[in-house]
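*Asks:* Below: one structure in structure tokens.
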Amino acid sequence: MRVLVTGGMGFIGSETVIALLEAGFEPVIADNLSNSKEKVLDRIETLTGKRPPFYKVDCCDEGEFRKVFEKEHIDAVIHFAGLKAVGESVVKPLEYYKNNLDSTFTLLSLMREFGVKNIIFSSSATVYGVPTHMPLVETDPTGGATNPYGMTKVMIERILTDFQKANPEFNVILLRYFNPIGAHPSGLLGEDPNGIPNNLMPYISQVSVGKLKQLKIYGDDYPTPDGTGVRDYIHVLDLAEGHVASLRKFADKPGLEIYNLGTGKGTSVLELVHAFEEANGIKIPYIIGPRRAGDVAENYANCDKAKKELGWEARFSIVDACRDSYNFQKKNPNGI
Ligand code: NAD
Ligand code: UFG
């Protein structure tokens, strides 16, 4: 099966390309490199011995993107391409709505034109907004995202749902990721954010190598066991395997399905810091600061549906992820 991977040079996309190659799929990458580097392709080749076709293309550019569909015989698409920084989306809402929605509209119209009927979309736990109970199940209400980035995920889920309803021969799988962390165990691929990281794990990693002085923990007065925020951290390798399992699901002609991809287990900020210290034998200096606007106290998944229907569940622990993130950070102190 030939799989177009939009955003396939990014953090999750590149790991997924590797998982696809290892599982015998034929990935084709389309990425505009707005948040990734061409070197990622060399690293994919080093790790797998294969160099998948790569198109440097903006998925919003219909003319250029059409050439990929003309050249490659695509059977399915995994749509990772998108802007993803929550804070930046508040400052640049237009750029976020334009890039994330336009790329999806363009992709869907090309898929329809070329008869490509299977799509997996990278959605997020952010679509659940401010939840009233835990763990989150796929049938819980969505739509209350608290920032423009999250709203693009809510909107694209809706667009894909309406599109599939109108075109029942299309198969759509919405994957709601929880908090991806970790890196490839080789240290060749991992998260490489521009500027000061917004997310917890890259921040801890940069503190661990002395690039940043100390971690600021956003609040210790949440109604959680130790007062710090609780999230469902999932190793990026597990997430990648979730896409392989989802692609196999297309054989059943699923119509539209939604799956949470998490571990089902909540971990607090302090627990993650301590796991990182233990896994790597180092100290992470931190201070406690005020809560960050827009954060929820806890967020973790019920992943029973993915286990039952995809035969998938997370295998790696938080400690594995801490070890792999540190290894990547040490080997790539200035990014990939
Ligand atoms: P990433 O930024 O590392 O990867 C996204 C890739 O898409 C980048 O390589 C970027 O260059 C590319 N891209 C962006 N806009 C594009 C466009 N218009 N045309 C072509 N390429 C474009 O991000 P990631 O962490 O790998 O996330 C992948 C997807 O998963 C995103 O849609 C993101 O919103 C979603 N997601 C991520 C997280 C997370 O915490 N990392 C959580 C939930 C959902
Ligand atoms: N945190 C800190 N200090 C930091 C960074 C984060 O204490 O420097 C805390 C946050 O307050 C939160 C936890 O660490 O309690 C996790 O924060 P992240 O920023 O790593 O992740 P979020 O849960 O806020 O959001 C992430 C992605 C979203 C995605 C969501 C899905 O950034 O894109 O997970 O659950 F939608």
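By convention here, the chains of the structure tokens are called A, B, ... in the order presented, each chain's residues are numbered starting at 1, and ligands are numbered starting at 1 in the order presented.
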Can you tell me which residues surround Glu45 (chain A) at a distance of at most 9 Å, considering only C-alpha atoms, apart from same-chain residues fewer than 6 positions away, and format the answer as a list of chain:residue names?
*Replies:*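 Close residues of Glu45 (chain A): A:Ile18, A:Arg51, A:Pro52.
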*Asks:* How about saving the chosen residues, N, CA, C and O atoms kept, as a PDB file, in the first residue's frame?
*Replies:*
ATOM      1  N   ILE A  18       9.056   5.616   9.394  1.00  0.00           N
ATOM      2  CA  ILE A  18       9.913   4.471   9.733  1.00  0.00           C
ATOM      3  C   ILE A  18       9.061   3.240  10.053  1.00  0.00           C
ATOM      4  O   ILE A  18       9.312   2.141   9.545  1.00  0.00           O
ATOM      5  N   ARG A  51      15.021   5.017   1.213  1.00  0.00           N
ATOM      6  CA  ARG A  51      14.813   6.466   1.087  1.00  0.00           C
ATOM      7  C   ARG A  51      13.481   6.694   0.377  1.00  0.00           C
ATOM      8  O   ARG A  51      13.397   6.595  -0.854  1.00  0.00           O
ATOM      9  N   PRO A  52      12.434   6.965   1.132  1.00  0.00           N
ATOM     10  CA  PRO A  52      11.133   7.131   0.489  1.00  0.00           C
ATOM     11  C   PRO A  52      11.095   8.388  -0.371  1.00  0.00           C
ATOM     12  O   PRO A  52      11.841   9.333  -0.096  1.00  0.00           O
TER      13      PRO A  52
END
*Asks:* Within 8 Å of region 134-144 of chain A, counting only C-alpha atoms, which residues qualify if same-chain residues fewer than 3 places away don't, as a list in words?
*Replies:*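 My reading of the contact set: Val127, Tyr128, Gly129, Val130, Pro131, Met151, Val154, Ile258, Tyr259, Asn260, Gly264, Glu298, Asn299, Tyr300, Ala301, Asn302 and Cys303 of chain A.
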*Asks:* Could those residues be written to a file, using N, CA and C atoms, as a compact mmCIF listing (two decimals), in the first residue's frame?
*Replies:*
# COMPACT_ATOMS: atom_id res chain seq x y z
N VAL A 127 -9.36 18.56 21.45
CA VAL A 127 -10.76 18.72 20.99
C VAL A 127 -11.76 18.50 22.13
N TYR A 128 -11.33 17.83 23.21
CA TYR A 128 -12.25 17.59 24.33
C TYR A 128 -12.44 18.84 25.20
N GLY A 129 -11.63 19.90 24.94
CA GLY A 129 -11.80 21.15 25.68
C GLY A 129 -11.52 20.97 27.16
N VAL A 130 -12.36 21.56 27.99
CA VAL A 130 -12.20 21.43 29.45
C VAL A 130 -13.10 20.28 29.90
N PRO A 131 -12.50 19.11 30.13
CA PRO A 131 -13.31 17.93 30.39
C PRO A 131 -13.94 17.94 31.79
N MET A 151 -8.98 24.74 17.88
CA MET A 151 -10.19 24.91 17.07
C MET A 151 -9.98 24.38 15.65
N VAL A 154 -10.82 20.80 15.91
CA VAL A 154 -12.28 20.63 16.03
C VAL A 154 -12.91 20.80 14.65
N ILE A 258 -13.16 6.96 15.18
CA ILE A 258 -12.34 7.85 16.01
C ILE A 258 -11.65 7.01 17.08
N TYR A 259 -10.35 7.24 17.25
CA TYR A 259 -9.63 6.51 18.31
C TYR A 259 -8.77 7.46 19.13
N ASN A 260 -8.83 7.30 20.44
CA ASN A 260 -7.85 7.94 21.33
C ASN A 260 -6.56 7.16 21.24
N GLY A 264 -3.60 5.59 28.63
CA GLY A 264 -4.65 5.33 29.61
C GLY A 264 -4.22 5.67 31.02
N GLU A 298 -6.25 17.91 34.58
CA GLU A 298 -5.83 16.57 34.12
C GLU A 298 -6.48 16.21 32.82
N ASN A 299 -5.81 15.32 32.10
CA ASN A 299 -6.22 14.93 30.78
C ASN A 299 -5.62 13.57 30.48
N TYR A 300 -6.41 12.51 30.51
CA TYR A 300 -5.87 11.21 30.09
C TYR A 300 -6.97 10.38 29.44
N ALA A 301 -6.51 9.41 28.68
CA ALA A 301 -7.40 8.72 27.74
C ALA A 301 -7.91 7.39 28.25
N ASN A 302 -9.08 7.04 27.78
CA ASN A 302 -9.48 5.64 27.81
C ASN A 302 -9.15 5.13 26.40
N CYS A 303 -8.32 4.09 26.32
CA CYS A 303 -7.87 3.62 25.00
C CYS A 303 -8.44 2.24 24.67
*Asks:* Please check which protein, DNA or RNA residues sit within 8 Å of ligand 2, counting only C-alpha atoms and all ligand atoms, and write them as a ChimeraX atom specification.
*Replies:* /A:84-86,123-127,149-150,177-180,197-201,203-204,215-219,228-232,268-269,291-292,295-300
*Asks:* Ligand 1: which residues are within 9 Å, counting only C-alpha atoms and all ligand atoms? Reply as a PDB file with N, CA and C atoms, in the first residue's frame.
*Replies:*
ATOM      1  N   THR A   6       1.615  13.419   4.674  1.00  0.00           N
ATOM      2  CA  THR A   6       1.833  14.875   4.691  1.00  0.00           C
ATOM      3  C   THR A   6       2.453  15.218   6.049  1.00  0.00           C
ATOM      4  N   GLY A   7       3.406  16.131   6.045  1.00  0.00           N
ATOM      5  CA  GLY A   7       4.089  16.453   7.313  1.00  0.00           C
ATOM      6  C   GLY A   7       4.984  15.310   7.770  1.00  0.00           C
ATOM      7  N   GLY A   8       5.409  14.483   6.832  1.00  0.00           N
ATOM      8  CA  GLY A   8       6.176  13.275   7.162  1.00  0.00           C
ATOM      9  C   GLY A   8       7.611  13.512   7.572  1.00  0.00           C
ATOM     10  N   MET A   9       8.059  14.774   7.530  1.00  0.00           N
ATOM     11  CA  MET A   9       9.421  15.078   7.995  1.00  0.00           C
ATOM     12  C   MET A   9       9.404  15.558   9.443  1.00  0.00           C
ATOM     13  N   GLY A  10       8.225  15.704  10.029  1.00  0.00           N
ATOM     14  CA  GLY A  10       8.108  16.234  11.389  1.00  0.00           C
ATOM     15  C   GLY A  10       8.333  15.171  12.457  1.00  0.00           C
ATOM     16  N   PHE A  11       8.100  15.581  13.691  1.00  0.00           N
ATOM     17  CA  PHE A  11       8.368  14.732  14.858  1.00  0.00           C
ATOM     18  C   PHE A  11       7.609  13.400  14.775  1.00  0.00           C
ATOM     19  N   ILE A  12       6.301  13.456  14.678  1.00  0.00           N
ATOM     20  CA  ILE A  12       5.514  12.214  14.668  1.00  0.00           C
ATOM     21  C   ILE A  12       5.545  11.584  13.279  1.00  0.00           C
ATOM     22  N   GLY A  13       5.503  12.442  12.248  1.00  0.00           N
ATOM     23  CA  GLY A  13       5.477  11.932  10.867  1.00  0.00           C
ATOM     24  C   GLY A  13       6.708  11.102  10.536  1.00  0.00           C
ATOM     25  N   SER A  14       7.891  11.558  10.945  1.00  0.00           N
ATOM     26  CA  SER A  14       9.114  10.831  10.571  1.00  0.00           C
ATOM     27  C   SER A  14       9.165   9.463  11.258  1.00  0.00           C
ATOM     28  N   GLU A  15       8.727   9.400  12.515  1.00  0.00           N
ATOM     29  CA  GLU A  15       8.696   8.095  13.208  1.00  0.00           C
ATOM     30  C   GLU A  15       7.675   7.180  12.532  1.00  0.00           C
ATOM     31  N   ALA A  30       5.192  14.311   1.746  1.00  0.00           N
ATOM     32  CA  ALA A  30       4.987  15.687   1.264  1.00  0.00           C
ATOM     33  C   ALA A  30       5.093  16.612   2.463  1.00  0.00           C
ATOM     34  N   ASP A  31       6.043  17.537   2.407  1.00  0.00           N
ATOM     35  CA  ASP A  31       6.263  18.425   3.564  1.00  0.00           C
ATOM     36  C   ASP A  31       6.892  19.716   3.036  1.00  0.00           C
ATOM     37  N   ASN A  32       6.468  20.849   3.574  1.00  0.00           N
ATOM     38  CA  ASN A  32       7.063  22.117   3.113  1.00  0.00           C
ATOM     39  C   ASN A  32       8.267  22.531   3.959  1.00  0.00           C
ATOM     40  N   LEU A  33       8.647  21.690   4.906  1.00  0.00           N
ATOM     41  CA  LEU A  33       9.816  21.925   5.779  1.00  0.00           C
ATOM     42  C   LEU A  33       9.680  23.212   6.602  1.00  0.00           C
ATOM     43  N   SER A  34       8.438  23.654   6.839  1.00  0.00           N
ATOM     44  CA  SER A  34       8.265  24.873   7.645  1.00  0.00           C
ATOM     45  C   SER A  34       8.642  24.613   9.098  1.00  0.00           C
ATOM     46  N   ASN A  35       8.560  23.355   9.534  1.00  0.00           N
ATOM     47  CA  ASN A  35       8.956  23.040  10.913  1.00  0.00           C
ATOM     48  C   ASN A  35       9.776  21.750  10.967  1.00  0.00           C
ATOM     49  N   SER A  36      10.567  21.518   9.931  1.00  0.00           N
ATOM     50  CA  SER A  36      11.418  20.311   9.912  1.00  0.00           C
ATOM     51  C   SER A  36      12.557  20.552   8.931  1.00  0.00           C
ATOM     52  N   LYS A  37      13.459  19.582   8.896  1.00  0.00           N
ATOM     53  CA  LYS A  37      14.650  19.772   8.057  1.00  0.00           C
ATOM     54  C   LYS A  37      14.826  18.602   7.098  1.00  0.00           C
ATOM     55  N   LYS A  56       9.102  18.351  -1.559  1.00  0.00           N
ATOM     56  CA  LYS A  56       9.033  19.599  -0.767  1.00  0.00           C
ATOM     57  C   LYS A  56       7.900  20.416  -1.366  1.00  0.00           C
ATOM     58  N   VAL A  57       6.759  20.315  -0.721  1.00  0.00           N
ATOM     59  CA  VAL A  57       5.574  20.962  -1.280  1.00  0.00           C
ATOM     60  C   VAL A  57       4.695  21.474  -0.154  1.00  0.00           C
ATOM     61  N   ASP A  58       4.055  22.616  -0.393  1.00  0.00           N
ATOM     62  CA  ASP A  58       3.080  23.130   0.570  1.00  0.00           C
ATOM     63  C   ASP A  58       1.726  22.520   0.213  1.00  0.00           C
ATOM     64  N   CYS A  59       1.111  21.883   1.176  1.00  0.00           N
ATOM     65  CA  CYS A  59      -0.169  21.202   0.897  1.00  0.00           C
ATOM     66  C   CYS A  59      -1.287  22.198   0.586  1.00  0.00           C
ATOM     67  N   CYS A  60      -1.040  23.476   0.799  1.00  0.00           N
ATOM     68  CA  CYS A  60      -2.052  24.487   0.424  1.00  0.00           C
ATOM     69  C   CYS A  60      -1.924  24.863  -1.052  1.00  0.00           C
ATOM     70  N   ASP A  61      -0.811  24.490  -1.674  1.00  0.00           N
ATOM     71  CA  ASP A  61      -0.544  24.877  -3.065  1.00  0.00           C
ATOM     72  C   ASP A  61      -1.066  23.783  -3.991  1.00  0.00           C
ATOM     73  N   HIS A  79      -2.475  12.430   7.318  1.00  0.00           N
ATOM     74  CA  HIS A  79      -2.362  13.889   7.224  1.00  0.00           C
ATOM     75  C   HIS A  79      -1.858  14.494   8.540  1.00  0.00           C
ATOM     76  N   PHE A  80      -0.511  14.606   8.615  1.00  0.00           N
ATOM     77  CA  PHE A  80       0.123  15.221   9.789  1.00  0.00           C
ATOM     78  C   PHE A  80       0.344  16.719   9.588  1.00  0.00           C
ATOM     79  N   ALA A  81       0.444  17.157   8.315  1.00  0.00           N
ATOM     80  CA  ALA A  81       0.896  18.531   8.059  1.00  0.00           C
ATOM     81  C   ALA A  81       0.006  19.531   8.774  1.00  0.00           C
ATOM     82  N   GLY A  82       0.632  20.420   9.499  1.00  0.00           N
ATOM     83  CA  GLY A  82      -0.136  21.447  10.195  1.00  0.00           C
ATOM     84  C   GLY A  82       0.777  22.216  11.130  1.00  0.00           C
ATOM     85  N   LEU A  83       0.319  23.388  11.519  1.00  0.00           N
ATOM     86  CA  LEU A  83       1.022  24.155  12.548  1.00  0.00           C
ATOM     87  C   LEU A  83       0.461  23.715  13.891  1.00  0.00           C
ATOM     88  N   LYS A  84       1.310  23.675  14.922  1.00  0.00           N
ATOM     89  CA  LYS A  84       0.852  22.993  16.143  1.00  0.00           C
ATOM     90  C   LYS A  84       1.162  23.699  17.464  1.00  0.00           C
ATOM     91  N   ALA A  85       1.716  24.905  17.421  1.00  0.00           N
ATOM     92  CA  ALA A  85       2.086  25.540  18.700  1.00  0.00           C
ATOM     93  C   ALA A  85       0.898  26.331  19.261  1.00  0.00           C
ATOM     94  N   LYS A  98      -5.625  29.364   8.377  1.00  0.00           N
ATOM     95  CA  LYS A  98      -5.349  29.270   6.944  1.00  0.00           C
ATOM     96  C   LYS A  98      -4.534  28.007   6.622  1.00  0.00           C
ATOM     97  N   ASN A  99      -3.424  27.838   7.314  1.00  0.00           N
ATOM     98  CA  ASN A  99      -2.554  26.702   6.984  1.00  0.00           C
ATOM     99  C   ASN A  99      -3.261  25.369   7.254  1.00  0.00           C
ATOM    100  N   ASN A 100      -3.844  25.226   8.433  1.00  0.00           N
ATOM    101  CA  ASN A 100      -4.383  23.912   8.806  1.00  0.00           C
ATOM    102  C   ASN A 100      -5.655  23.580   8.029  1.00  0.00           C
ATOM    103  N   ASP A 102      -6.742  25.173   4.999  1.00  0.00           N
ATOM    104  CA  ASP A 102      -6.466  25.185   3.558  1.00  0.00           C
ATOM    105  C   ASP A 102      -5.785  23.896   3.109  1.00  0.00           C
ATOM    106  N   SER A 103      -4.787  23.456   3.889  1.00  0.00           N
ATOM    107  CA  SER A 103      -4.060  22.239   3.491  1.00  0.00           C
ATOM    108  C   SER A 103      -5.026  21.052   3.471  1.00  0.00           C
ATOM    109  N   THR A 104      -5.971  21.038   4.399  1.00  0.00           N
ATOM    110  CA  THR A 104      -6.925  19.924   4.451  1.00  0.00           C
ATOM    111  C   THR A 104      -7.911  19.998   3.286  1.00  0.00           C
ATOM    112  N   PHE A 121      -6.346  11.202  10.022  1.00  0.00           N
ATOM    113  CA  PHE A 121      -6.063  12.589  10.397  1.00  0.00           C
ATOM    114  C   PHE A 121      -5.502  12.671  11.810  1.00  0.00           C
ATOM    115  N   SER A 122      -4.446  13.497  11.961  1.00  0.00           N
ATOM    116  CA  SER A 122      -3.812  13.749  13.258  1.00  0.00           C
ATOM    117  C   SER A 122      -4.652  14.724  14.052  1.00  0.00           C
ATOM    118  N   SER A 123      -5.539  14.204  14.877  1.00  0.00           N
ATOM    119  CA  SER A 123      -6.282  15.099  15.751  1.00  0.00           C
ATOM    120  C   SER A 123      -5.628  15.085  17.134  1.00  0.00           C
ATOM    121  N   SER A 124      -6.327  15.621  18.108  1.00  0.00           N
ATOM    122  CA  SER A 124      -5.665  15.862  19.390  1.00  0.00           C
ATOM    123  C   SER A 124      -6.671  15.787  20.527  1.00  0.00           C
ATOM    124  N   ALA A 125      -6.168  15.456  21.687  1.00  0.00           N
ATOM    125  CA  ALA A 125      -7.007  15.459  22.892  1.00  0.00           C
ATOM    126  C   ALA A 125      -7.546  16.854  23.179  1.00  0.00           C
ATOM    127  N   THR A 126      -6.945  17.842  22.558  1.00  0.00           N
ATOM    128  CA  THR A 126      -7.388  19.218  22.771  1.00  0.00           C
ATOM    129  C   THR A 126      -8.848  19.431  22.338  1.00  0.00           C
ATOM    130  N   TYR A 149      -5.383  26.891  17.615  1.00  0.00           N
ATOM    131  CA  TYR A 149      -4.834  25.604  17.173  1.00  0.00           C
ATOM    132  C   TYR A 149      -5.850  24.494  17.422  1.00  0.00           C
ATOM    133  N   GLY A 150      -6.345  24.447  18.651  1.00  0.00           N
ATOM    134  CA  GLY A 150      -7.311  23.408  19.013  1.00  0.00           C
ATOM    135  C   GLY A 150      -8.574  23.510  18.165  1.00  0.00           C
ATOM    136  N   THR A 152      -8.729  24.477  15.129  1.00  0.00           N
ATOM    137  CA  THR A 152      -8.516  23.910  13.782  1.00  0.00           C
ATOM    138  C   THR A 152      -8.759  22.404  13.817  1.00  0.00           C
ATOM    139  N   LYS A 153      -8.399  21.753  14.929  1.00  0.00           N
ATOM    140  CA  LYS A 153      -8.609  20.298  15.032  1.00  0.00           C
ATOM    141  C   LYS A 153     -10.106  19.996  15.117  1.00  0.00           C
ATOM    142  N   LEU A 175      -7.514  10.237  14.619  1.00  0.00           N
ATOM    143  CA  LEU A 175      -6.717   9.769  15.759  1.00  0.00           C
ATOM    144  C   LEU A 175      -6.490  10.936  16.709  1.00  0.00           C
ATOM    145  N   ARG A 176      -6.998  10.804  17.904  1.00  0.00           N
ATOM    146  CA  ARG A 176      -6.820  11.861  18.901  1.00  0.00           C
ATOM    147  C   ARG A 176      -5.613  11.516  19.773  1.00  0.00           C
ATOM    148  N   TYR A 177      -4.490  12.196  19.464  1.00  0.00           N
ATOM    149  CA  TYR A 177      -3.267  11.922  20.228  1.00  0.00           C
ATOM    150  C   TYR A 177      -3.357  12.614  21.574  1.00  0.00           C
ATOM    151  N   PHE A 178      -2.794  11.976  22.584  1.00  0.00           N
ATOM    152  CA  PHE A 178      -2.632  12.643  23.872  1.00  0.00           C
ATOM    153  C   PHE A 178      -1.245  13.320  23.846  1.00  0.00           C
ATOM    154  N   ASN A 179      -0.380  13.136  24.787  1.00  0.00           N
ATOM    155  CA  ASN A 179       0.853  13.938  24.782  1.00  0.00           C
ATOM    156  C   ASN A 179       2.048  13.120  24.294  1.00  0.00           C
ATOM    157  N   PRO A 180       2.419  13.289  23.023  1.00  0.00           N
ATOM    158  CA  PRO A 180       3.541  12.514  22.488  1.00  0.00           C
ATOM    159  C   PRO A 180       4.879  12.978  23.057  1.00  0.00           C
ATOM    160  N   ILE A 181       5.702  12.046  23.498  1.00  0.00           N
ATOM    161  CA  ILE A 181       7.056  12.357  23.994  1.00  0.00           C
ATOM    162  C   ILE A 181       8.006  11.261  23.500  1.00  0.00           C
ATOM    163  N   GLY A 190      13.914  12.897  16.679  1.00  0.00           N
ATOM    164  CA  GLY A 190      13.207  13.293  17.890  1.00  0.00           C
ATOM    165  C   GLY A 190      12.603  14.670  17.711  1.00  0.00           C
ATOM    166  N   GLU A 191      12.128  15.220  18.816  1.00  0.00           N
ATOM    167  CA  GLU A 191      11.455  16.503  18.747  1.00  0.00           C
ATOM    168  C   GLU A 191      12.489  17.615  18.711  1.00  0.00           C
ATOM    169  N   ASP A 192      12.315  18.531  17.768  1.00  0.00           N
ATOM    170  CA  ASP A 192      13.330  19.550  17.513  1.00  0.00           C
ATOM    171  C   ASP A 192      12.644  20.907  17.381  1.00  0.00           C
ATOM    172  N   PRO A 193      12.059  21.394  18.496  1.00  0.00           N
ATOM    173  CA  PRO A 193      11.254  22.618  18.368  1.00  0.00           C
ATOM    174  C   PRO A 193      12.113  23.852  18.120  1.00  0.00           C
ATOM    175  N   ASN A 199       6.379  22.854  25.217  1.00  0.00           N
ATOM    176  CA  ASN A 199       5.922  21.598  25.813  1.00  0.00           C
ATOM    177  C   ASN A 199       6.893  21.099  26.867  1.00  0.00           C
ATOM    178  N   VAL A 236       6.438   8.353  21.263  1.00  0.00           N
ATOM    179  CA  VAL A 236       6.160   8.607  19.845  1.00  0.00           C
ATOM    180  C   VAL A 236       6.241   7.319  19.003  1.00  0.00           C
TER     181      VAL A 236
END
*Asks:* For region 304-316 of chain A, please output as a PyMOL selection string all residues within 8 Å (counting only C-alpha atoms; exclusion window: fewer than 6 positions along the same chain).
*Replies:* chain A and resi 234-235+238-239+241-242+245-246+249+259-263
*Asks:* Write out as a Markdown table the residues of region 100-136 of chain A that have any atom within 12 Å of an atom of region 64-69 of chain A, one row each with the nearest atom pair and its distance in Å to one decimal, counting only C-alpha atoms, sorted by chain and then rising number.
*Replies:*
| residue | atom | partner | partner_atom | distance |
| --- | --- | --- | --- | --- |
| A:Ser103 | CA | A:Phe65 | CA | 9.8 |
| A:Thr104 | CA | A:Phe65 | CA | 11.7 |
| A:Phe105 | CA | A:Phe65 | CA | 11.9 |
| A:Thr106 | CA | A:Phe65 | CA | 8.3 |
| A:Leu107 | CA | A:Phe65 | CA | 8.1 |
| A:Leu108 | CA | A:Arg66 | CA | 11.3 |
| A:Ser109 | CA | A:Arg66 | CA | 9.9 |
| A:Leu110 | CA | A:Arg66 | CA | 6.7 |
| A:Met111 | CA | A:Phe69 | CA | 8.2 |
| A:Arg112 | CA | A:Phe69 | CA | 10.9 |
| A:Glu113 | CA | A:Phe69 | CA | 9.4 |
| A:Phe114 | CA | A:Phe69 | CA | 7.0 |
| A:Gly115 | CA | A:Phe69 | CA | 10.0 |
| A:Val116 | CA | A:Phe69 | CA | 9.3 |
*Asks:* Which one is closest to Leu237 (chain A): A:Asn171, A:Asn147, A:Asn118, A:Ser325? Count only C-alpha atoms.
*Replies:*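 Using only C-alpha atoms, the shortest distance to Leu237 (chain A) belongs to A:Ser325.
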*Asks:* When you draw a straight line from CA of Ala19 (chain A) to CA of Ala240 (chain A), how long is it in Å?
*Replies:*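 That distance, rounded to one decimal, is 6.2 Å.
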*Asks:* Taking the backbone alone, and naming residues the way the document does, which bits of region 32-243 of chain A are alpha helix (DSSP H) by DSSP, as a PyMOL selection string?
*Replies:* chain A and resi 39-48+62-71+86-91+93-114+148-166+200-208+236-243
*Asks:* Give the answer as one residue: which of A:Val77, A:Met155, A:Leu4, A:Ile173 has the shortest atom-to-atom distance to Gly255 (chain A), using only C-alpha atoms?
*Replies:*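 Among the listed residues, A:Ile173 lies closest to Gly255 (chain A).
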*Asks:* Have a look at A:Leu256, A:Glu22, A:Ile119, A:Leu188 and name the one nearest to Lys165 (chain A); count only C-alpha atoms.
*Replies:*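 Closest to Lys165 (chain A) of all the choices is A:Leu256.
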*Asks:* Using DSSP secondary structure from the backbone, list all strand (DSSP E or B) positions within region 45-181 of chain A, as a list in words.
*Replies:*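 Written out, the strand (DSSP E or B) residues of region 45-181 of chain A are Phe54, Tyr55, Lys56, Ala76, Val77, Ile78, His79, Asn118, Ile119, Ile120, Phe121, Ser122, Ser123, Ser124, Leu136, Asn171, Val172, Ile173, Leu174, Leu175, Arg176, Tyr177, Asn179, Pro180 and Ile181 of chain A.
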*Asks:* Next, dump the selected residues to file, keeping only C-alpha atoms, as a CSV table (one decimal), in the first residue's frame.
*Replies:*
chain,number,residue,atom,x,y,z
A,54,PHE,CA,10.1,13.2,-0.7
A,55,TYR,CA,8.3,16.2,-2.2
A,56,LYS,CA,9.0,19.6,-0.8
A,76,ALA,CA,-4.1,6.1,1.5
A,77,VAL,CA,-3.1,9.4,3.2
A,78,ILE,CA,-1.9,10.2,6.7
A,79,HIS,CA,-2.4,13.9,7.2
A,118,ASN,CA,-8.6,6.4,2.8
A,119,ILE,CA,-7.4,9.1,5.2
A,120,ILE,CA,-6.0,9.2,8.7
A,121,PHE,CA,-6.1,12.6,10.4
A,122,SER,CA,-3.8,13.7,13.3
A,123,SER,CA,-6.3,15.1,15.8
A,124,SER,CA,-5.7,15.9,19.4
A,136,LEU,CA,-11.8,10.6,28.2
A,171,ASN,CA,-12.9,6.0,5.0
A,172,VAL,CA,-11.8,8.4,7.6
A,173,ILE,CA,-9.9,7.6,10.8
A,174,LEU,CA,-9.6,10.5,13.3
A,175,LEU,CA,-6.7,9.8,15.8
A,176,ARG,CA,-6.8,11.9,18.9
A,177,TYR,CA,-3.3,11.9,20.2
A,179,ASN,CA,0.9,13.9,24.8
A,180,PRO,CA,3.5,12.5,22.5
A,181,ILE,CA,7.1,12.4,24.0
*Asks:* In terms of the shortest atom-to-atom distance over only C-alpha atoms, which of A:Leu272, A:Ile288, A:Val28, A:Val3 is closest to Ile318 (chain A)?
*Replies:*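 Smallest separation from Ile318 (chain A) among the options: A:Leu272.
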*Asks:* What's the separation between CA of Lys331 (chain A) and CA of Val209 (chain A), in Å to one decimal place?
*Replies:* 10.3 Å
*Asks:* So how many Å separate CA of Pro27 (chain A) and CA of Asp42 (chain A), to one decimal?
*Replies:* 14.8 Å
*Asks:* Nearest residue to Glu26 (chain A) out of A:Val40, A:Ile156, A:Ile284, A:Val244, using only C-alpha atoms?
*Replies:*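 Going through A:Val40, A:Ile156, A:Ile284, A:Val244 one by one, the smallest distance to Glu26 (chain A) is for A:Val244.
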*Asks:* Given only C-alpha atoms as the basis, pick out the residue of A:Ala321, A:Leu212, A:Ile196, A:Leu41 nearest to Tyr286 (chain A).
*Replies:*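 Among A:Ala321, A:Leu212, A:Ile196, A:Leu41, it is A:Leu212 that comes nearest to Tyr286 (chain A).
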